[in-house]
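K.L.:
Contents are mmCIF, C-alpha atoms and all ligand atoms; file name upload_3.cif:
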data_target
#
loop_
_atom_site.label_atom_id
_atom_site.label_comp_id
_atom_site.auth_asym_id
_atom_site.auth_seq_id
_atom_site.Cartn_x
_atom_site.Cartn_y
_atom_site.Cartn_z
CA MET A 1 79.53 115.56 121.44
CA ILE A 2 82.90 115.69 119.73
CA ASN A 3 84.06 112.22 120.70
CA LYS A 4 81.16 110.63 118.79
CA ALA A 5 82.36 112.20 115.55
CA PRO A 6 83.76 109.83 112.93
CA ILE A 7 87.35 109.31 111.83
CA GLY A 8 88.12 110.09 108.19
CA VAL A 9 90.36 107.63 106.37
CA PHE A 10 91.42 107.78 102.74
CA ASP A 11 93.55 106.21 100.05
CA SER A 12 93.62 106.10 96.27
CA GLY A 13 91.68 102.80 96.34
CA VAL A 14 91.21 99.64 98.40
CA GLY A 15 94.70 99.76 99.98
CA GLY A 16 93.62 101.98 102.86
CA LEU A 17 91.19 99.28 103.96
CA THR A 18 94.22 97.41 105.37
CA VAL A 19 94.54 100.35 107.78
CA VAL A 20 90.77 100.54 108.44
CA LYS A 21 90.84 96.85 109.40
CA GLU A 22 93.48 97.58 112.08
CA ILE A 23 91.56 100.62 113.35
CA MET A 24 88.40 98.52 113.64
CA ASN A 25 90.31 95.82 115.54
CA GLN A 26 92.16 98.15 117.91
CA ILE A 27 89.56 100.86 118.55
CA PRO A 28 86.23 99.20 117.77
CA GLY A 29 84.14 102.05 119.22
CA GLU A 30 85.08 104.48 116.44
CA THR A 31 82.98 105.20 113.37
CA ILE A 32 84.83 105.43 110.05
CA ILE A 33 84.20 107.54 106.97
CA TYR A 34 86.33 106.12 104.16
CA PHE A 35 87.11 107.64 100.81
CA GLY A 36 88.84 105.68 98.01
CA ASP A 37 89.86 107.84 95.07
CA THR A 38 89.36 105.02 92.55
CA ALA A 39 88.74 107.34 89.59
CA ARG A 40 92.18 108.95 89.93
CA LEU A 41 94.26 105.95 91.02
CA PRO A 42 97.20 105.32 90.96
CA TYR A 43 98.67 108.12 93.04
CA GLY A 44 102.13 106.55 92.91
CA SER A 45 103.00 107.88 89.46
CA LYS A 46 101.55 111.40 90.00
CA SER A 47 103.55 114.53 90.79
CA LYS A 48 103.78 115.99 94.28
CA LYS A 49 101.65 118.95 93.17
CA THR A 50 98.84 116.67 91.97
CA VAL A 51 98.93 114.48 95.07
CA ILE A 52 98.70 117.62 97.26
CA THR A 53 95.69 118.87 95.23
CA TYR A 54 93.91 115.51 95.56
CA THR A 55 94.73 115.29 99.27
CA ARG A 56 93.37 118.80 99.92
CA GLN A 57 90.10 117.96 98.14
CA ILE A 58 89.63 114.76 100.13
CA VAL A 59 90.54 116.40 103.44
CA ARG A 60 87.93 119.09 102.74
CA PHE A 61 85.32 116.44 101.90
CA LEU A 62 86.05 114.60 105.15
CA MET A 63 86.03 117.82 107.20
CA ASN A 64 82.64 118.68 105.66
CA ASN A 65 81.51 115.36 107.16
CA ASN A 66 82.63 116.58 110.59
CA VAL A 67 85.42 114.08 111.21
CA LYS A 68 87.41 114.52 114.44
CA ALA A 69 90.68 113.15 112.99
CA ILE A 70 92.03 112.01 109.63
CA VAL A 71 94.24 109.07 108.74
CA ILE A 72 96.04 109.31 105.41
CA ALA A 73 96.03 105.57 104.75
CA CYS A 74 98.27 106.01 101.72
CA ASN A 75 102.06 106.07 101.79
CA THR A 76 102.28 108.22 98.66
CA ALA A 77 100.02 110.96 100.05
CA SER A 78 101.71 110.65 103.47
CA ALA A 79 105.10 111.12 101.78
CA LEU A 80 104.14 113.95 99.42
CA ALA A 81 101.25 115.85 101.02
CA LEU A 82 101.00 115.22 104.78
CA GLU A 83 103.34 118.03 105.87
CA THR A 84 101.53 120.56 103.66
CA VAL A 85 97.95 119.73 104.65
CA LYS A 86 98.78 119.25 108.32
CA SER A 87 99.40 122.97 108.71
CA GLU A 88 96.09 123.80 106.99
CA VAL A 89 93.65 122.08 109.34
CA ASP A 90 93.00 122.14 113.06
CA ILE A 91 92.25 118.45 113.65
CA PRO A 92 94.84 115.67 114.04
CA ILE A 93 96.10 114.19 110.75
CA ILE A 94 98.13 111.00 110.86
CA GLY A 95 100.09 109.39 108.05
CA VAL A 96 101.39 105.83 107.68
CA VAL A 97 105.08 106.45 106.92
CA LYS A 98 106.37 107.49 110.35
CA PRO A 99 104.63 104.61 112.16
CA GLY A 100 105.96 102.16 109.52
CA ALA A 101 109.52 103.46 109.80
CA LYS A 102 109.37 103.20 113.59
CA VAL A 103 108.42 99.50 113.44
CA ALA A 104 111.12 98.78 110.85
CA ALA A 105 113.79 100.46 112.98
CA SER A 106 112.89 98.37 115.99
CA THR A 107 112.55 95.14 113.96
CA THR A 108 115.87 94.99 112.10
CA ARG A 109 118.74 93.11 113.70
CA ASN A 110 121.40 93.64 111.01
CA GLY A 111 120.43 97.27 110.20
CA ARG A 112 119.66 96.48 106.55
CA ILE A 113 116.09 97.40 105.62
CA GLY A 114 114.30 97.08 102.29
CA VAL A 115 111.35 99.32 101.43
CA ILE A 116 108.95 98.61 98.59
CA GLY A 117 106.42 101.25 97.58
CA THR A 118 105.11 103.39 94.76
CA GLU A 119 107.39 105.51 92.60
CA GLY A 120 106.29 108.63 94.50
CA THR A 121 107.08 107.15 97.90
CA ILE A 122 110.43 105.64 96.91
CA GLN A 123 111.60 108.73 95.00
CA SER A 124 110.68 110.98 97.94
CA GLY A 125 113.32 109.14 100.01
CA ILE A 126 111.10 109.61 103.05
CA TYR A 127 111.68 106.18 104.58
CA SER A 128 115.49 106.56 104.39
CA GLU A 129 115.21 110.06 105.84
CA ILE A 130 113.12 109.01 108.85
CA LEU A 131 115.00 105.75 109.40
CA SER A 132 118.42 107.37 109.35
CA LYS A 133 117.23 109.98 111.86
CA THR A 134 116.10 107.15 114.14
CA ASN A 135 119.34 105.22 113.70
CA PRO A 136 122.17 106.64 111.53
CA LYS A 137 123.70 103.18 111.14
CA VAL A 138 120.69 101.75 109.32
CA GLU A 139 120.99 101.17 105.58
CA VAL A 140 117.84 101.46 103.49
CA PHE A 141 117.27 99.93 100.05
CA GLY A 142 114.17 101.14 98.21
CA LYS A 143 112.41 99.68 95.20
CA ALA A 144 109.38 101.07 93.37
CA CYS A 145 106.84 98.41 92.34
CA PRO A 146 104.37 100.29 90.09
CA LEU A 147 102.49 97.20 88.87
CA PHE A 148 101.48 96.00 92.35
CA VAL A 149 98.63 98.51 92.79
CA PRO A 150 96.77 97.57 89.57
CA LEU A 151 97.31 93.87 90.38
CA VAL A 152 95.71 94.37 93.80
CA GLU A 153 92.86 96.49 92.44
CA GLU A 154 92.14 93.66 89.98
CA GLY A 155 92.05 91.18 92.85
CA LEU A 156 95.06 89.18 91.56
CA LEU A 157 96.40 88.67 95.07
CA ASP A 158 97.61 85.10 94.76
CA ASP A 159 98.17 84.70 91.04
CA PRO A 160 101.15 83.40 89.01
CA VAL A 161 101.47 86.81 87.31
CA THR A 162 101.71 88.54 90.68
CA PHE A 163 104.23 85.95 91.91
CA GLU A 164 106.41 86.65 88.85
CA MET A 165 106.23 90.41 89.40
CA VAL A 166 107.13 90.07 93.09
CA LYS A 167 110.18 88.00 92.06
CA ARG A 168 111.30 90.62 89.55
CA TYR A 169 110.77 93.64 91.76
CA THR A 170 112.39 92.17 94.87
CA SER A 171 115.44 90.44 93.34
CA GLU A 172 117.65 93.55 93.57
CA ILE A 173 116.93 94.29 97.23
CA LEU A 174 117.12 90.63 98.23
CA ASP A 175 120.76 90.71 97.09
CA LYS A 176 121.46 93.37 99.76
CA GLN A 177 121.11 90.96 102.71
CA ILE A 178 118.14 92.81 104.19
CA ASP A 179 116.45 91.22 107.20
CA THR A 180 113.39 93.50 107.20
CA LEU A 181 111.11 94.54 104.35
CA VAL A 182 108.65 97.42 104.75
CA LEU A 183 105.41 97.07 102.79
CA GLY A 184 105.51 100.80 102.04
CA CYS A 185 102.19 101.02 100.19
CA THR A 186 98.90 100.23 101.87
CA HIS A 187 97.89 98.00 98.96
CA TYR A 188 100.85 95.66 99.54
CA PRO A 189 99.71 93.90 102.75
CA LEU A 190 97.05 92.34 100.51
CA LEU A 191 99.95 90.67 98.64
CA ARG A 192 101.59 89.55 101.87
CA LYS A 193 101.19 85.83 101.16
CA THR A 194 102.74 86.08 97.70
CA ILE A 195 105.53 88.42 98.86
CA GLY A 196 106.24 86.09 101.79
CA LYS A 197 106.54 83.10 99.44
CA VAL A 198 109.15 84.95 97.35
CA VAL A 199 111.27 86.55 100.08
CA GLY A 200 111.21 83.59 102.50
CA GLU A 201 110.72 83.30 106.23
CA ASP A 202 113.98 84.93 107.33
CA ILE A 203 112.90 88.39 106.21
CA VAL A 204 110.36 90.13 108.45
CA LEU A 205 107.59 91.88 106.54
CA VAL A 206 106.53 95.16 108.17
CA ASN A 207 102.95 96.34 107.66
CA PRO A 208 102.67 99.96 108.93
CA ALA A 209 98.89 99.58 109.48
CA TYR A 210 99.13 98.10 112.97
CA GLU A 211 101.38 100.88 114.30
CA THR A 212 99.30 103.56 112.53
CA ALA A 213 96.13 102.41 114.31
CA LYS A 214 98.08 102.40 117.58
CA VAL A 215 99.27 105.98 117.00
CA LEU A 216 95.69 107.04 116.18
CA SER A 217 94.43 105.44 119.37
CA GLU A 218 97.08 107.30 121.43
CA VAL A 219 96.35 110.65 119.75
CA LEU A 220 92.59 110.28 120.35
CA THR A 221 93.20 109.39 124.00
CA ASP A 222 95.64 112.31 124.51
CA LYS A 223 93.24 114.81 123.01
CA GLY A 224 90.17 113.47 124.82
CA LEU A 225 88.56 112.50 121.50
CA ARG A 226 88.28 108.76 122.10
CA ASN A 227 84.94 106.99 121.80
CA ASP A 228 84.95 103.68 123.62
CA ALA A 229 81.25 102.95 123.61
CA ASN A 230 79.48 103.72 120.40
CA PRO A 231 76.68 101.16 120.37
CA LYS A 232 75.49 101.88 116.84
CA LEU A 233 78.34 102.20 114.38
CA ASN A 234 77.45 103.61 111.03
CA HIS A 235 80.60 103.36 108.91
CA LYS A 236 80.37 105.08 105.54
CA PHE A 237 82.29 104.24 102.37
CA TYR A 238 82.70 106.57 99.41
CA VAL A 239 84.64 106.23 96.18
CA SER A 240 85.12 108.38 93.10
CA ASP A 241 84.29 105.45 90.75
CA GLY A 242 83.18 101.81 90.74
CA ALA A 243 81.21 101.73 93.99
CA GLU A 244 79.89 98.17 93.71
CA LYS A 245 83.26 96.65 92.79
CA PHE A 246 84.78 98.44 95.77
CA ARG A 247 82.00 97.27 98.12
CA GLN A 248 82.55 93.64 97.17
CA PHE A 249 86.31 93.94 97.66
CA ALA A 250 85.85 95.70 101.01
CA ASN A 251 83.76 92.78 102.22
CA THR A 252 86.68 90.41 101.63
CA ILE A 253 88.98 92.58 103.77
CA LEU A 254 87.04 94.15 106.64
CA PRO A 255 85.70 92.53 109.80
CA CYS A 256 82.30 94.23 109.33
CA GLU A 257 79.81 93.99 106.51
CA VAL A 258 79.86 96.88 104.05
CA MET A 259 76.24 97.26 102.96
CA GLU A 260 76.66 100.28 100.73
CA THR A 261 79.36 102.29 98.97
CA LYS A 262 78.53 105.59 97.33
CA ASP A 263 80.04 107.17 94.23
CA ILE A 264 80.77 110.86 94.65
CA ASN A 265 82.32 113.55 92.51
CA ILE A 266 85.19 114.61 94.73
CA GLU A 267 86.16 117.53 92.51
CA GLU A 268 82.71 119.07 92.96
CA LEU A 269 82.16 118.10 96.59
CA GLY A 270 85.64 118.66 97.95
N1 LIG A 301 97.95 102.76 98.54
C1 LIG A 301 98.69 103.90 98.22
C2 LIG A 301 100.01 103.98 98.89
O1 LIG A 301 100.09 103.53 100.03
C3 LIG A 301 98.63 104.44 96.82
C4 LIG A 301 98.87 103.54 95.69
C5 LIG A 301 98.68 104.25 94.37
O2 LIG A 301 97.59 104.78 94.14
O3 LIG A 301 99.65 104.30 93.59
O4 LIG A 301 100.96 104.50 98.40
#
What's the structure tokens form of this structure?
Ligand code: DGL

P.N.:
Amino acid sequence: MINKAPIGVFDSGVGGLTVVKEIMNQIPGETIIYFGDTARLPYGSKSKKTVITYTRQIVRFLMNNNVKAIVIACNTASALALETVKSEVDIPIIGVVKPGAKVAASTTRNGRIGVIGTEGTIQSGIYSEILSKTNPKVEVFGKACPLFVPLVEEGLLDDPVTFEMVKRYTSEILDKQIDTLVLGCTHYPLLRKTIGKVVGEDIVLVNPAYETAKVLSEVLTDKGLRNDANPKLNHKFYVSDGAEKFRQFANTILPCEVMETKDINIEELG
């Protein structure tokens, strides 16, 4: 039966697990197949063409595993590849950027929003584009933070080096009197504590993961694909490199125990 099929979720690495965590909390009956493209990370400094190629390969891999919907749990791939791959498949594909922008638009009181993300996401201008369509009076200040992803992948979540980098990257946008800061890369919610320490309590940090899981839940319900009672969940985790390191990290993030993570060659399989 279609509604028992899994949901495919992917990112370049561990970042997408911040979205998986929300999916598991909000729609606990769904089975997840996760792919982390750890061999080819970071996506943030790659060209649009490359990110589209990688996204197509992963989408094909997930479709071969009979997923009923896909969540692109990566801002960079959502910004650069979502529109292209959406028209190529016949199952729902959801990105994280639109849900994140929606929350930011409804959160800001002074209309001044900061967005931090990868180079690819910030240079695409996608957050400004969506936010100004929602509310033309909103002003958006973007800043690329290319060192955050390697810091997260190395597990340096609450480290003096990370604190220093957060200070450097955010100083420019903090001068713009923003009241809302979008964590526009799925790795960044893992740095939430450190980012919060630097920016202070008056700035609201927006994590698009919560809204993304909500959108997924609504889409599944609308399309009659929802699975509310799956007694035996068999989540599967795949990466393109470093399976054991990934498994250990996943167990510090997710509400369930990850027993196994498999290494696959995405270029061959996808
Ligand atoms: N976590 C991803 C994002 O949301 C990708 C980070 C990267 O690989 O550069 O953009």

K.L.:
Find the residues around stretch 143-153 of chain A up to 6 Å (all atoms listed in the file counted), leave out those fewer than 3 positions away in its own chain, and share them as a list in words.

P.N.:
Ile116, Gly117, Thr118, Glu119, Ile122, Leu156 and Leu157 of chain A

K.L.:
Output the neighbourhood of ligand LIG 301 (chain A) as a PyMOL selection string, that is, all protein and nucleic acid residues with some atom at most 6 Å from the ligand, counting only C-alpha atoms and all ligand atoms.

P.N.:
chain A and resi 11-12+15+41-44+74-76+118+149+185-187

K.L.:
Quick one: residues within 9 Å of A:Asn66, all atoms listed in the file, excluding same-chain residues fewer than 6 positions away - as a ChimeraX atom specification?

P.N.:
/A:5-8

K.L.:
Could you give me, as a PyMOL selection string, the residues within 7 Å of A:Glu22, counting all atoms listed in the file and dropping anything in the same chain fewer than 3 positions from it?

P.N.:
chain A and resi 18-19+25-26+209-210+213

K.L.:
Give one line per residue of stretch 2-98 of chain A that approaches stretch 165-182 of chain A to at most 12 Å, naming the two atoms of the closest pair and their distance in Å to one decimal, counting all atoms listed in the file; sort by chain then ascending residue number and deliver it as a tab-separated table.

P.N.:
residue	atom	partner	partner_atom	distance
A:Asn75	CA	A:Val182	CA	11.3
A:Val96	CA	A:Val182	CA	11.5
A:Val97	CA	A:Val182	CA	9.9
A:Lys98	CA	A:Val182	CA	11.7

K.L.:
Suppose we keep C-alpha atoms; can you now write the selection as a PDB file, keeping the file's coordinate frame?

P.N.:
ATOM      1  CA  ASN A  75     102.060 106.070 101.790  1.00  0.00           C
ATOM      2  CA  VAL A  96     101.390 105.830 107.680  1.00  0.00           C
ATOM      3  CA  VAL A  97     105.080 106.450 106.920  1.00  0.00           C
ATOM      4  CA  LYS A  98     106.370 107.490 110.350  1.00  0.00           C
TER       5      LYS A  98
END

K.L.:
Hey, what's within 9 Å of A:Gly100 if we count only C-alpha atoms and toss same-chain stuff fewer than 5 positions away? As an MDAnalysis selection string, please?

P.N.:
chainID A and resid 105 127 182:184 206:212

K.L.:
Just write the chosen residues, C-alpha atoms, as a PDB file, keeping the file's coordinate frame.

P.N.:
ATOM      1  CA  ALA A 105     113.790 100.460 112.980  1.00  0.00           C
ATOM      2  CA  TYR A 127     111.680 106.180 104.580  1.00  0.00           C
ATOM      3  CA  VAL A 182     108.650  97.420 104.750  1.00  0.00           C
ATOM      4  CA  LEU A 183     105.410  97.070 102.790  1.00  0.00           C
ATOM      5  CA  GLY A 184     105.510 100.800 102.040  1.00  0.00           C
ATOM      6  CA  VAL A 206     106.530  95.160 108.170  1.00  0.00           C
ATOM      7  CA  ASN A 207     102.950  96.340 107.660  1.00  0.00           C
ATOM      8  CA  PRO A 208     102.670  99.960 108.930  1.00  0.00           C
ATOM      9  CA  ALA A 209      98.890  99.580 109.480  1.00  0.00           C
ATOM     10  CA  TYR A 210      99.130  98.100 112.970  1.00  0.00           C
ATOM     11  CA  GLU A 211     101.380 100.880 114.300  1.00  0.00           C
ATOM     12  CA  THR A 212      99.300 103.560 112.530  1.00  0.00           C
TER      13      THR A 212
END

K.L.:
Residues within 12 Å of A:Met259, please, as a tab-separated table (two decimals) with C-alpha atoms, in the coordinates of the input. Count only C-alpha atoms; anything in the same chain fewer than 3 positions from it doesn't count.

P.N.:
chain	number	residue	atom	x	y	z
A	234	ASN	CA	77.45	103.61	111.03
A	235	HIS	CA	80.60	103.36	108.91
A	236	LYS	CA	80.37	105.08	105.54
A	237	PHE	CA	82.29	104.24	102.37
A	238	TYR	CA	82.70	106.57	99.41
A	243	ALA	CA	81.21	101.73	93.99
A	244	GLU	CA	79.89	98.17	93.71
A	246	PHE	CA	84.78	98.44	95.77
A	247	ARG	CA	82.00	97.27	98.12
A	248	GLN	CA	82.55	93.64	97.17
A	249	PHE	CA	86.31	93.94	97.66
A	250	ALA	CA	85.85	95.70	101.01
A	251	ASN	CA	83.76	92.78	102.22
A	254	LEU	CA	87.04	94.15	106.64
A	256	CYS	CA	82.30	94.23	109.33
A	262	LYS	CA	78.53	105.59	97.33

K.L.:
Of the residues A:Pro189, A:Gly242, A:Pro99, A:Pro92, which is the one nearest to A:Thr221, using all atoms listed in the file?

P.N.:
A:Pro92

K.L.:
In terms of the shortest atom-to-atom distance over all atoms listed in the file, which of A:Thr84, A:Gln123, A:Ser240, A:Ser78 is closest to A:Arg56?

P.N.:
A:Thr84

K.L.:
Calculate how many Å separate atom CA of A:Arg112 from atom CA of A:Pro160, rounding to one decimal.

P.N.:
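Going from atom CA of A:Arg112 over to atom CA of A:Pro160, I get 28.7 Å.
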
K.L.:
In the coordinate frame of the file, compute which residues have an atom within 12 Å of (88.1, 117.3, 109.2) when using all atoms listed in the file, and state them as a PyMOL selection string.

P.N.:
chain A and resi 2+5-10+33+56-72+85-86+88-94+270

K.L.:
Return the single residue from A:Val138, A:Leu190, A:Ile52, A:Leu131 that is closest to A:Gly155, with distances computed using only C-alpha atoms.

P.N.:
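That would be A:Leu190, the residue with the smallest distance to A:Gly155.
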